[in-house]
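Asker: What follows is my_file13.pdb, PDB, C-alpha atoms.
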ATOM      1  CA  MET A  60     -26.877  35.177 -26.786  1.00  0.00           C
ATOM      2  CA  LYS A  61     -25.074  31.848 -26.603  1.00  0.00           C
ATOM      3  CA  ASN A  62     -26.812  28.986 -24.866  1.00  0.00           C
ATOM      4  CA  ARG A  63     -26.524  25.289 -24.066  1.00  0.00           C
ATOM      5  CA  LEU A  64     -30.145  24.485 -24.839  1.00  0.00           C
ATOM      6  CA  LYS A  65     -29.455  22.163 -27.782  1.00  0.00           C
ATOM      7  CA  VAL A  66     -26.874  20.184 -25.790  1.00  0.00           C
ATOM      8  CA  LEU A  67     -29.128  19.905 -22.744  1.00  0.00           C
ATOM      9  CA  ARG A  68     -32.035  18.798 -24.912  1.00  0.00           C
ATOM     10  CA  ALA A  69     -29.896  16.213 -26.721  1.00  0.00           C
ATOM     11  CA  GLU A  70     -28.609  14.825 -23.414  1.00  0.00           C
ATOM     12  CA  ARG A  71     -32.208  13.976 -22.543  1.00  0.00           C
ATOM     13  CA  ASP A  72     -32.958  12.684 -26.048  1.00  0.00           C
ATOM     14  CA  TRP A  73     -35.787  15.194 -26.496  1.00  0.00           C
ATOM     15  CA  SER A  74     -36.850  16.552 -29.862  1.00  0.00           C
ATOM     16  CA  GLN A  75     -37.387  20.273 -30.289  1.00  0.00           C
ATOM     17  CA  ALA A  76     -41.109  19.557 -30.288  1.00  0.00           C
ATOM     18  CA  GLU A  77     -40.882  17.671 -26.972  1.00  0.00           C
ATOM     19  CA  LEU A  78     -38.961  20.496 -25.340  1.00  0.00           C
ATOM     20  CA  ALA A  79     -41.394  23.029 -26.775  1.00  0.00           C
ATOM     21  CA  GLY A  80     -44.308  21.177 -25.203  1.00  0.00           C
ATOM     22  CA  ARG A  81     -42.577  21.079 -21.835  1.00  0.00           C
ATOM     23  CA  ILE A  82     -41.960  24.857 -21.790  1.00  0.00           C
ATOM     24  CA  ASP A  83     -45.194  25.831 -23.578  1.00  0.00           C
ATOM     25  CA  VAL A  84     -43.756  27.392 -26.741  1.00  0.00           C
ATOM     26  CA  SER A  85     -43.677  26.383 -30.409  1.00  0.00           C
ATOM     27  CA  ARG A  86     -41.014  24.144 -31.902  1.00  0.00           C
ATOM     28  CA  GLN A  87     -40.003  27.112 -34.057  1.00  0.00           C
ATOM     29  CA  ALA A  88     -39.381  29.156 -30.902  1.00  0.00           C
ATOM     30  CA  VAL A  89     -37.103  26.435 -29.522  1.00  0.00           C
ATOM     31  CA  ASN A  90     -35.201  26.378 -32.816  1.00  0.00           C
ATOM     32  CA  ALA A  91     -34.824  30.161 -32.819  1.00  0.00           C
ATOM     33  CA  ILE A  92     -33.468  30.152 -29.261  1.00  0.00           C
ATOM     34  CA  GLU A  93     -31.092  27.258 -29.938  1.00  0.00           C
ATOM     35  CA  THR A  94     -29.654  28.951 -33.022  1.00  0.00           C
ATOM     36  CA  GLY A  95     -29.314  32.330 -31.311  1.00  0.00           C
ATOM     37  CA  LYS A  96     -31.840  34.049 -33.565  1.00  0.00           C
ATOM     38  CA  HIS A  97     -34.077  34.866 -30.613  1.00  0.00           C
ATOM     39  CA  ASP A  98     -33.393  35.495 -26.929  1.00  0.00           C
ATOM     40  CA  PRO A  99     -35.980  34.075 -24.536  1.00  0.00           C
ATOM     41  CA  SER A 100     -38.020  36.345 -22.334  1.00  0.00           C
ATOM     42  CA  LEU A 101     -37.099  36.277 -18.657  1.00  0.00           C
ATOM     43  CA  PRO A 102     -40.174  34.191 -17.696  1.00  0.00           C
ATOM     44  CA  LEU A 103     -39.321  31.694 -20.453  1.00  0.00           C
ATOM     45  CA  ALA A 104     -35.677  31.559 -19.344  1.00  0.00           C
ATOM     46  CA  PHE A 105     -36.886  30.769 -15.814  1.00  0.00           C
ATOM     47  CA  ARG A 106     -39.160  27.972 -17.141  1.00  0.00           C
ATOM     48  CA  ILE A 107     -36.247  26.489 -19.073  1.00  0.00           C
ATOM     49  CA  ALA A 108     -33.916  26.720 -16.060  1.00  0.00           C
ATOM     50  CA  ARG A 109     -36.486  25.060 -13.781  1.00  0.00           C
ATOM     51  CA  LEU A 110     -37.060  22.279 -16.305  1.00  0.00           C
ATOM     52  CA  PHE A 111     -33.354  21.471 -16.469  1.00  0.00           C
ATOM     53  CA  GLU A 112     -32.887  22.133 -12.735  1.00  0.00           C
ATOM     54  CA  MET A 113     -30.141  24.650 -13.451  1.00  0.00           C
ATOM     55  CA  GLN A 114     -29.451  28.338 -12.966  1.00  0.00           C
ATOM     56  CA  ILE A 115     -30.283  30.599 -15.911  1.00  0.00           C
ATOM     57  CA  GLU A 116     -26.616  31.622 -16.088  1.00  0.00           C
ATOM     58  CA  ASP A 117     -25.608  27.976 -16.534  1.00  0.00           C
ATOM     59  CA  ILE A 118     -27.754  27.707 -19.665  1.00  0.00           C
ATOM     60  CA  PHE A 119     -27.524  31.172 -21.209  1.00  0.00           C
ATOM     61  CA  ASP A 120     -24.377  33.274 -21.705  1.00  0.00           C
ATOM     62  CA  ASP A 121     -24.799  36.921 -22.639  1.00  0.00           C
ATOM     63  CA  GLY A 122     -21.050  37.296 -23.244  1.00  0.00           C
ATOM     64  CA  ASP A 123     -20.577  39.599 -20.265  1.00  0.00           C
ATOM     65  CA  ASN A 124     -17.873  37.940 -18.183  1.00  0.00           C
ATOM     66  CA  ALA A 125     -17.707  40.750 -15.593  1.00  0.00           C
TER      67      ALA A 125
END
Please, can you express the file's structure as structure tokens?

Answerer:
Amino acid sequence: MKNRLKVLRAERDWSQAELAGRIDVSRQAVNAIETGKHDPSLPLAFRIARLFEMQIEDIFDDGDNA
């Protein structure tokens, strides 16, 4: 799944560790999501969306343009 997490994090000048602390996951989990190796659970996606004050769909793209 493609996502804008790295860009959004960089815009706020947060490290992966800082973002991880804000959404209560490990830095490794943030890295795995950013690189597309892991898709976040729905509750985690909601936490991320709330943190960035965005809709989930504006951060994550599952490739389904229907």

Asker: Pick the closest to Leu67 of chain A from A:Ala104, A:Glu93, A:Asp123, A:Gln87: which is it, counting all atoms listed in the file?

Answerer: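 Smallest separation from Leu67 of chain A among the options: A:Glu93.
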
Asker: Would you mind listing what lies within 12 Å of Gly80 of chain A as a PyMOL selection string, with only C-alpha atoms counted and same-chain residues fewer than 6 positions away left out?

Answerer: chain A and resi 73-74+86-89+106-107+110

Asker: Taking all atoms of segment 104-108 of chain A that the file lists and extending 5 Å past them on each side, where is the centre of the axis-aligned box and how long are its edges? Answer in Å to one decimal, as lines of an AutoDock Vina configuration file.

Answerer:
center_x = -36.5
center_y = 29.0
center_z = -17.6
size_x = 15.2
size_y = 15.1
size_z = 13.5

Asker: List the neighbours of Gly122 of chain A out to 12 Å using all atoms listed in the file; skip same-chain residues closer than 5 positions along the sequence, and give me the result as an MDAnalysis selection string.

Answerer: chainID A and resid 60:62 116

Asker: Convert the current residue selection to file output with C-alpha atoms, as a PDB file, in the coordinates of the input.

Answerer:
ATOM      1  CA  MET A  60     -26.877  35.177 -26.786  1.00  0.00           C
ATOM      2  CA  LYS A  61     -25.074  31.848 -26.603  1.00  0.00           C
ATOM      3  CA  ASN A  62     -26.812  28.986 -24.866  1.00  0.00           C
ATOM      4  CA  GLU A 116     -26.616  31.622 -16.088  1.00  0.00           C
TER       5      GLU A 116
END

Asker: Report as a PyMOL selection string the residues that result from applying the PyMOL selection byres ((chain A and resi 118) around 8) to the structure here.

Answerer: chain A and resi 62-64+108+113-117+119-120

Asker: Name the residues in contact with Glu77 of chain A at a cut-off of 12 Å, using all atoms listed in the file, excluding same-chain residues fewer than 4 positions from it; report them as a PyMOL selection string.

Answerer: chain A and resi 68-69+71-73+81-87+89-90
